[in-house]
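**Student:** Quick one: the structure is below, questions incoming.
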Amino acid sequence: MSFESFAEFIDMGGHGLYVWLSYAIALVVIVINIVNPLMYKRHIFTEQARRLRREKQS
Amino acid sequence: MADKKWMPRWFYQLASPRWCYEITGKLLPLFVIAAILLLVTGTVWALAFAPADYQQGNSFRIIYIHVPSSILAQSCYMLMAVAGAIGLIWKMKVADMVAKCCAPIGASIAVLSLATGAIWGKPTWGSWWVWDARLTSMLILFFLYLGIIALNSAIESERTAAQSTAVLALVGLVNIPIIKYSVDWWNTLHQPATFKLTERPAMPAEMWVPLLVMVIGFYCFFAVAMMLRLRNEIIQRERRSSWVRDLIAG
């Protein structure tokens with residue numbers, strides 16, 4: 001470990017805001033890139049299933 | 001295309017959207033596991049165990065996001081241009097889809113690279129942004145991604161959209177060596193490359209090994225994001241084919 005205590009770890013030698021902000025943005029970018037296509041997938045599947053049902057009825 | 005027997009068999013398989021859908025379905029869980037393992041270990045290692053830099057202190061830990069995202073933003077651009085070229089030359093539908101899926105992922109990764117760069121610049125250089133060659137060429141990379149997304153969505157026909165964006169991506173490829181050599185060609189505040197193919201990194205192993213873990217982890221994350229988008233794109237474009245109908249009817 002490079003830190004003596006948890007408070008020191010959070011503080012990052014006075015650069016805590018910069019370090020944690022960088023990692024937070026990285027997390028947000030990663031989550032958006034995973035969640036966005038998953039939500040779109042659900043949208044496509046419900047849309048296409050509806051279309052298939054309509055075609056069957058007509 | 002069937003008369004060109006000199007291409008390997010997998011190249012033709014890759015051209016089949018259905019085969020791509022099936023293979024990515026098998027590969028996806030592997031890359032999800034690899035990405036989680038690498039990114040979690042890499043992050044813990046980077047934040048808590050890697051030594052602090054003797055000049056920059058702990059703000060140096062931003063490198064573990066900044067360098068992987070910068071490398072990935074450029075690799076993603078190269079993949080987009082190559083896939084676009086394959087789509088142009090062999091009229092391969094899947095290549096067009098890959099190129100299209102690259103743009104939004106690449107744009108978001110370029111934002112991450114620029115944002116972490118700015119955040120790191122503030123405590124290190126005393127400024128969020130300088131009009132430096134490396135920073136400016138990276139900003140141009142981001143604008144290229146935006147241009148490609150805009151062009152793609154502005155054209156109705158999928159085929160024409162793919163062709164036009166492929167040409168734009170190929171023209172923009174000139175920016176990649178400019179980014180790479182910007183730190184050598186111009187006087188710049190930005191430090192030189194961390195990883196070089198020909199030399200050992202100029203930092204101790206306790207610092208660069210976690211960085212390598214993060215770089216590979218970012219690539220695995222990219223593979224996951226790419227495959228998720230590609231599978232959507234395949235379903236969307238092949239919706240009239242019988243295998244997609246069967247898949248949706250379940």
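Labels used: A, B, ... for chains in the order of the structure tokens, numbers from 1 for residues in each chain, and numbers from 1 for ligands as shown.
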Could the residues of chain B that have an atom at most 8 Å from chain A be listed as JSON lines, each with its closest atom pair and the distance in Å to one decimal, counting only C-alpha atoms and ordered by chain and ascending residue number?

**Tutor:**
```
{"residue": "B:Ala48", "atom": "CA", "partner": "A:Met1", "partner_atom": "CA", "distance": 5.7}
{"residue": "B:Phe49", "atom": "CA", "partner": "A:Met1", "partner_atom": "CA", "distance": 4.6}
{"residue": "B:Ala50", "atom": "CA", "partner": "A:Ser2", "partner_atom": "CA", "distance": 6.8}
{"residue": "B:Pro51", "atom": "CA", "partner": "A:Ser2", "partner_atom": "CA", "distance": 5.9}
{"residue": "B:Ala52", "atom": "CA", "partner": "A:Ser2", "partner_atom": "CA", "distance": 7.3}
{"residue": "B:Gly57", "atom": "CA", "partner": "A:Gly13", "partner_atom": "CA", "distance": 7.0}
{"residue": "B:Asn58", "atom": "CA", "partner": "A:Met12", "partner_atom": "CA", "distance": 5.5}
{"residue": "B:Ser59", "atom": "CA", "partner": "A:His15", "partner_atom": "CA", "distance": 5.6}
{"residue": "B:Arg61", "atom": "CA", "partner": "A:Val19", "partner_atom": "CA", "distance": 6.6}
{"residue": "B:Ile62", "atom": "CA", "partner": "A:Val19", "partner_atom": "CA", "distance": 5.7}
{"residue": "B:Ile65", "atom": "CA", "partner": "A:Tyr23", "partner_atom": "CA", "distance": 7.0}
{"residue": "B:Ile105", "atom": "CA", "partner": "A:Asn33", "partner_atom": "CA", "distance": 6.8}
{"residue": "B:Ser108", "atom": "CA", "partner": "A:Val29", "partner_atom": "CA", "distance": 6.5}
{"residue": "B:Ile109", "atom": "CA", "partner": "A:Val29", "partner_atom": "CA", "distance": 7.3}
{"residue": "B:Leu112", "atom": "CA", "partner": "A:Ala26", "partner_atom": "CA", "distance": 6.4}
{"residue": "B:Ala115", "atom": "CA", "partner": "A:Ser22", "partner_atom": "CA", "distance": 7.6}
{"residue": "B:Thr116", "atom": "CA", "partner": "A:Ser22", "partner_atom": "CA", "distance": 5.4}
{"residue": "B:Ile119", "atom": "CA", "partner": "A:Tyr18", "partner_atom": "CA", "distance": 5.8}
{"residue": "B:Trp120", "atom": "CA", "partner": "A:Tyr18", "partner_atom": "CA", "distance": 6.8}
{"residue": "B:Pro123", "atom": "CA", "partner": "A:His15", "partner_atom": "CA", "distance": 7.6}
{"residue": "B:Phe221", "atom": "CA", "partner": "A:Ile30", "partner_atom": "CA", "distance": 7.7}
{"residue": "B:Val224", "atom": "CA", "partner": "A:Ile34", "partner_atom": "CA", "distance": 7.8}
{"residue": "B:Ala225", "atom": "CA", "partner": "A:Ile34", "partner_atom": "CA", "distance": 5.8}
{"residue": "B:Leu228", "atom": "CA", "partner": "A:Pro37", "partner_atom": "CA", "distance": 6.0}
{"residue": "B:Arg229", "atom": "CA", "partner": "A:Pro37", "partner_atom": "CA", "distance": 5.5}
{"residue": "B:Asn232", "atom": "CA", "partner": "A:Lys41", "partner_atom": "CA", "distance": 5.8}
{"residue": "B:Ile235", "atom": "CA", "partner": "A:Ile44", "partner_atom": "CA", "distance": 7.9}
{"residue": "B:Gln236", "atom": "CA", "partner": "A:Ile44", "partner_atom": "CA", "distance": 7.0}
{"residue": "B:Arg239", "atom": "CA", "partner": "A:Gln48", "partner_atom": "CA", "distance": 7.5}
{"residue": "B:Arg245", "atom": "CA", "partner": "A:Leu52", "partner_atom": "CA", "distance": 7.6}
{"residue": "B:Ile248", "atom": "CA", "partner": "A:Ala49", "partner_atom": "CA", "distance": 6.0}
{"residue": "B:Ala249", "atom": "CA", "partner": "A:Ala49", "partner_atom": "CA", "distance": 6.4}
```

**Student:** For Phe222 in chain B, work out the shell of residues within 12 Å, counting only C-alpha atoms and skipping chain neighbours fewer than 4 positions away, then give it as a VMD selection string.

**Tutor:** (chain A and resid 29 to 31 33 to 34) or (chain B and resid 28 31 to 32 34 to 36 39 68 to 69 71 to 73 75 to 76 79 101 to 106 108 to 109 215 to 218 226 to 230)

**Student:** As an MDAnalysis selection string, please: all residues of range 34-119 of chain B that backbone DSSP puts in alpha helix (DSSP H).

**Tutor:** chainID B and resid 34:44 63:90 93:119

**Student:** Go ahead and write the residues just picked, C-alpha atoms, as a PDB file, in the first residue's frame.

**Tutor:**
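Once written, selection-v5.pdb looks like this:
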```pdb
ATOM      1  CA  ALA B  34     -11.674 -10.402 -18.878  1.00  0.00           C
ATOM      2  CA  ALA B  35     -12.642  -6.711 -18.850  1.00  0.00           C
ATOM      3  CA  ILE B  36     -14.038  -6.859 -15.302  1.00  0.00           C
ATOM      4  CA  LEU B  37     -11.038  -8.767 -13.931  1.00  0.00           C
ATOM      5  CA  LEU B  38      -8.452  -6.549 -15.626  1.00  0.00           C
ATOM      6  CA  LEU B  39     -10.143  -3.217 -14.917  1.00  0.00           C
ATOM      7  CA  VAL B  40     -10.870  -4.004 -11.267  1.00  0.00           C
ATOM      8  CA  THR B  41      -7.351  -5.297 -10.534  1.00  0.00           C
ATOM      9  CA  GLY B  42      -5.829  -2.484 -12.572  1.00  0.00           C
ATOM     10  CA  THR B  43      -7.820   0.211 -10.773  1.00  0.00           C
ATOM     11  CA  VAL B  44      -7.084  -1.091  -7.264  1.00  0.00           C
ATOM     12  CA  ILE B  63      -2.152   8.266 -15.992  1.00  0.00           C
ATOM     13  CA  TYR B  64      -3.912   4.918 -15.456  1.00  0.00           C
ATOM     14  CA  ILE B  65      -7.040   6.325 -17.106  1.00  0.00           C
ATOM     15  CA  HIS B  66      -5.483   8.915 -19.390  1.00  0.00           C
ATOM     16  CA  VAL B  67      -2.985   6.715 -21.251  1.00  0.00           C
ATOM     17  CA  PRO B  68      -5.312   3.719 -21.846  1.00  0.00           C
ATOM     18  CA  SER B  69      -8.122   5.991 -23.065  1.00  0.00           C
ATOM     19  CA  SER B  70      -5.789   7.910 -25.387  1.00  0.00           C
ATOM     20  CA  ILE B  71      -4.380   4.699 -26.874  1.00  0.00           C
ATOM     21  CA  LEU B  72      -7.870   3.253 -27.267  1.00  0.00           C
ATOM     22  CA  ALA B  73      -9.310   6.396 -28.886  1.00  0.00           C
ATOM     23  CA  GLN B  74      -6.628   6.158 -31.584  1.00  0.00           C
ATOM     24  CA  SER B  75      -6.859   2.367 -32.042  1.00  0.00           C
ATOM     25  CA  CYS B  76     -10.608   2.694 -32.381  1.00  0.00           C
ATOM     26  CA  TYR B  77     -10.147   5.309 -35.089  1.00  0.00           C
ATOM     27  CA  MET B  78      -7.752   3.051 -36.978  1.00  0.00           C
ATOM     28  CA  LEU B  79     -10.191   0.142 -36.726  1.00  0.00           C
ATOM     29  CA  MET B  80     -12.960   2.413 -38.029  1.00  0.00           C
ATOM     30  CA  ALA B  81     -10.856   3.490 -41.032  1.00  0.00           C
ATOM     31  CA  VAL B  82      -9.704  -0.061 -41.835  1.00  0.00           C
ATOM     32  CA  ALA B  83     -13.227  -1.485 -41.500  1.00  0.00           C
ATOM     33  CA  GLY B  84     -14.503   1.380 -43.665  1.00  0.00           C
ATOM     34  CA  ALA B  85     -11.868   0.599 -46.312  1.00  0.00           C
ATOM     35  CA  ILE B  86     -12.791  -3.113 -46.294  1.00  0.00           C
ATOM     36  CA  GLY B  87     -16.431  -2.082 -46.712  1.00  0.00           C
ATOM     37  CA  LEU B  88     -15.512   0.163 -49.630  1.00  0.00           C
ATOM     38  CA  ILE B  89     -13.326  -2.394 -51.415  1.00  0.00           C
ATOM     39  CA  TRP B  90     -15.162  -5.680 -50.810  1.00  0.00           C
ATOM     40  CA  LYS B  93     -21.817  -5.325 -44.932  1.00  0.00           C
ATOM     41  CA  VAL B  94     -20.374  -6.399 -41.583  1.00  0.00           C
ATOM     42  CA  ALA B  95     -17.320  -4.175 -42.112  1.00  0.00           C
ATOM     43  CA  ASP B  96     -19.648  -1.204 -42.704  1.00  0.00           C
ATOM     44  CA  MET B  97     -21.474  -2.045 -39.477  1.00  0.00           C
ATOM     45  CA  VAL B  98     -18.209  -2.306 -37.493  1.00  0.00           C
ATOM     46  CA  ALA B  99     -17.094   1.084 -38.832  1.00  0.00           C
ATOM     47  CA  LYS B 100     -20.424   2.631 -37.870  1.00  0.00           C
ATOM     48  CA  CYS B 101     -20.282   1.179 -34.344  1.00  0.00           C
ATOM     49  CA  CYS B 102     -16.730   2.474 -33.803  1.00  0.00           C
ATOM     50  CA  ALA B 103     -17.674   6.146 -34.055  1.00  0.00           C
ATOM     51  CA  PRO B 104     -19.801   6.661 -30.904  1.00  0.00           C
ATOM     52  CA  ILE B 105     -17.517   4.486 -28.767  1.00  0.00           C
ATOM     53  CA  GLY B 106     -14.424   6.273 -30.068  1.00  0.00           C
ATOM     54  CA  ALA B 107     -15.961   9.694 -29.496  1.00  0.00           C
ATOM     55  CA  SER B 108     -16.754   8.884 -25.860  1.00  0.00           C
ATOM     56  CA  ILE B 109     -13.254   7.487 -25.279  1.00  0.00           C
ATOM     57  CA  ALA B 110     -11.716  10.597 -26.864  1.00  0.00           C
ATOM     58  CA  VAL B 111     -13.789  12.712 -24.441  1.00  0.00           C
ATOM     59  CA  LEU B 112     -12.417  10.621 -21.579  1.00  0.00           C
ATOM     60  CA  SER B 113      -8.869  11.136 -22.813  1.00  0.00           C
ATOM     61  CA  LEU B 114      -9.343  14.908 -23.179  1.00  0.00           C
ATOM     62  CA  ALA B 115     -11.153  15.262 -19.850  1.00  0.00           C
ATOM     63  CA  THR B 116      -8.580  13.316 -17.849  1.00  0.00           C
ATOM     64  CA  GLY B 117      -5.846  15.225 -19.656  1.00  0.00           C
ATOM     65  CA  ALA B 118      -7.388  18.524 -18.611  1.00  0.00           C
ATOM     66  CA  ILE B 119      -7.886  17.334 -15.037  1.00  0.00           C
TER      67      ILE B 119
END
```

**Student:** Can you tell me how far CA of Asp184 in chain B sits from CA of Ser127 in chain B, in Å to one decimal?

**Tutor:**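 Separation of CA of Asp184 in chain B and CA of Ser127 in chain B: 21.7 Å.
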
**Student:** At what distance in Å, to one decimal, does CA of Val183 in chain B lie from CA of Thr165 in chain B?

**Tutor:**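 Those two atoms sit 28.7 Å apart.
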
**Student:** Show me, as a list in words, the residues that have an atom within 9 Å of Cys20 in chain B when counting only C-alpha atoms, minus same-chain residues fewer than 4 positions from it.

**Tutor:**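 My reading of the contact set: Gln13, Leu14, Ala15, Ser16, Thr24, Gly25, Val94, Leu230, Arg231 and Ile234 of chain B.
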
**Student:** Name the residues in contact with Ser153 in chain B at a cut-off of 12 Å, using only C-alpha atoms, excluding same-chain residues fewer than 3 positions from it; report them as a list in words.

**Tutor:**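 The residues that qualify are Lys100, Ala103, Pro104, Leu146, Gly147, Ile148, Ile149, Ala150, Glu156, Ser157, Glu158, Thr160, Ala161, Ala162, Ser164 and Thr165 of chain B.
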
**Student:** Report, in Å to a single decimal, how far apart CA of Arg51 in chain A and CA of Met39 in chain A are.

**Tutor:**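 CA of Arg51 in chain A lies 18.6 Å from CA of Met39 in chain A.
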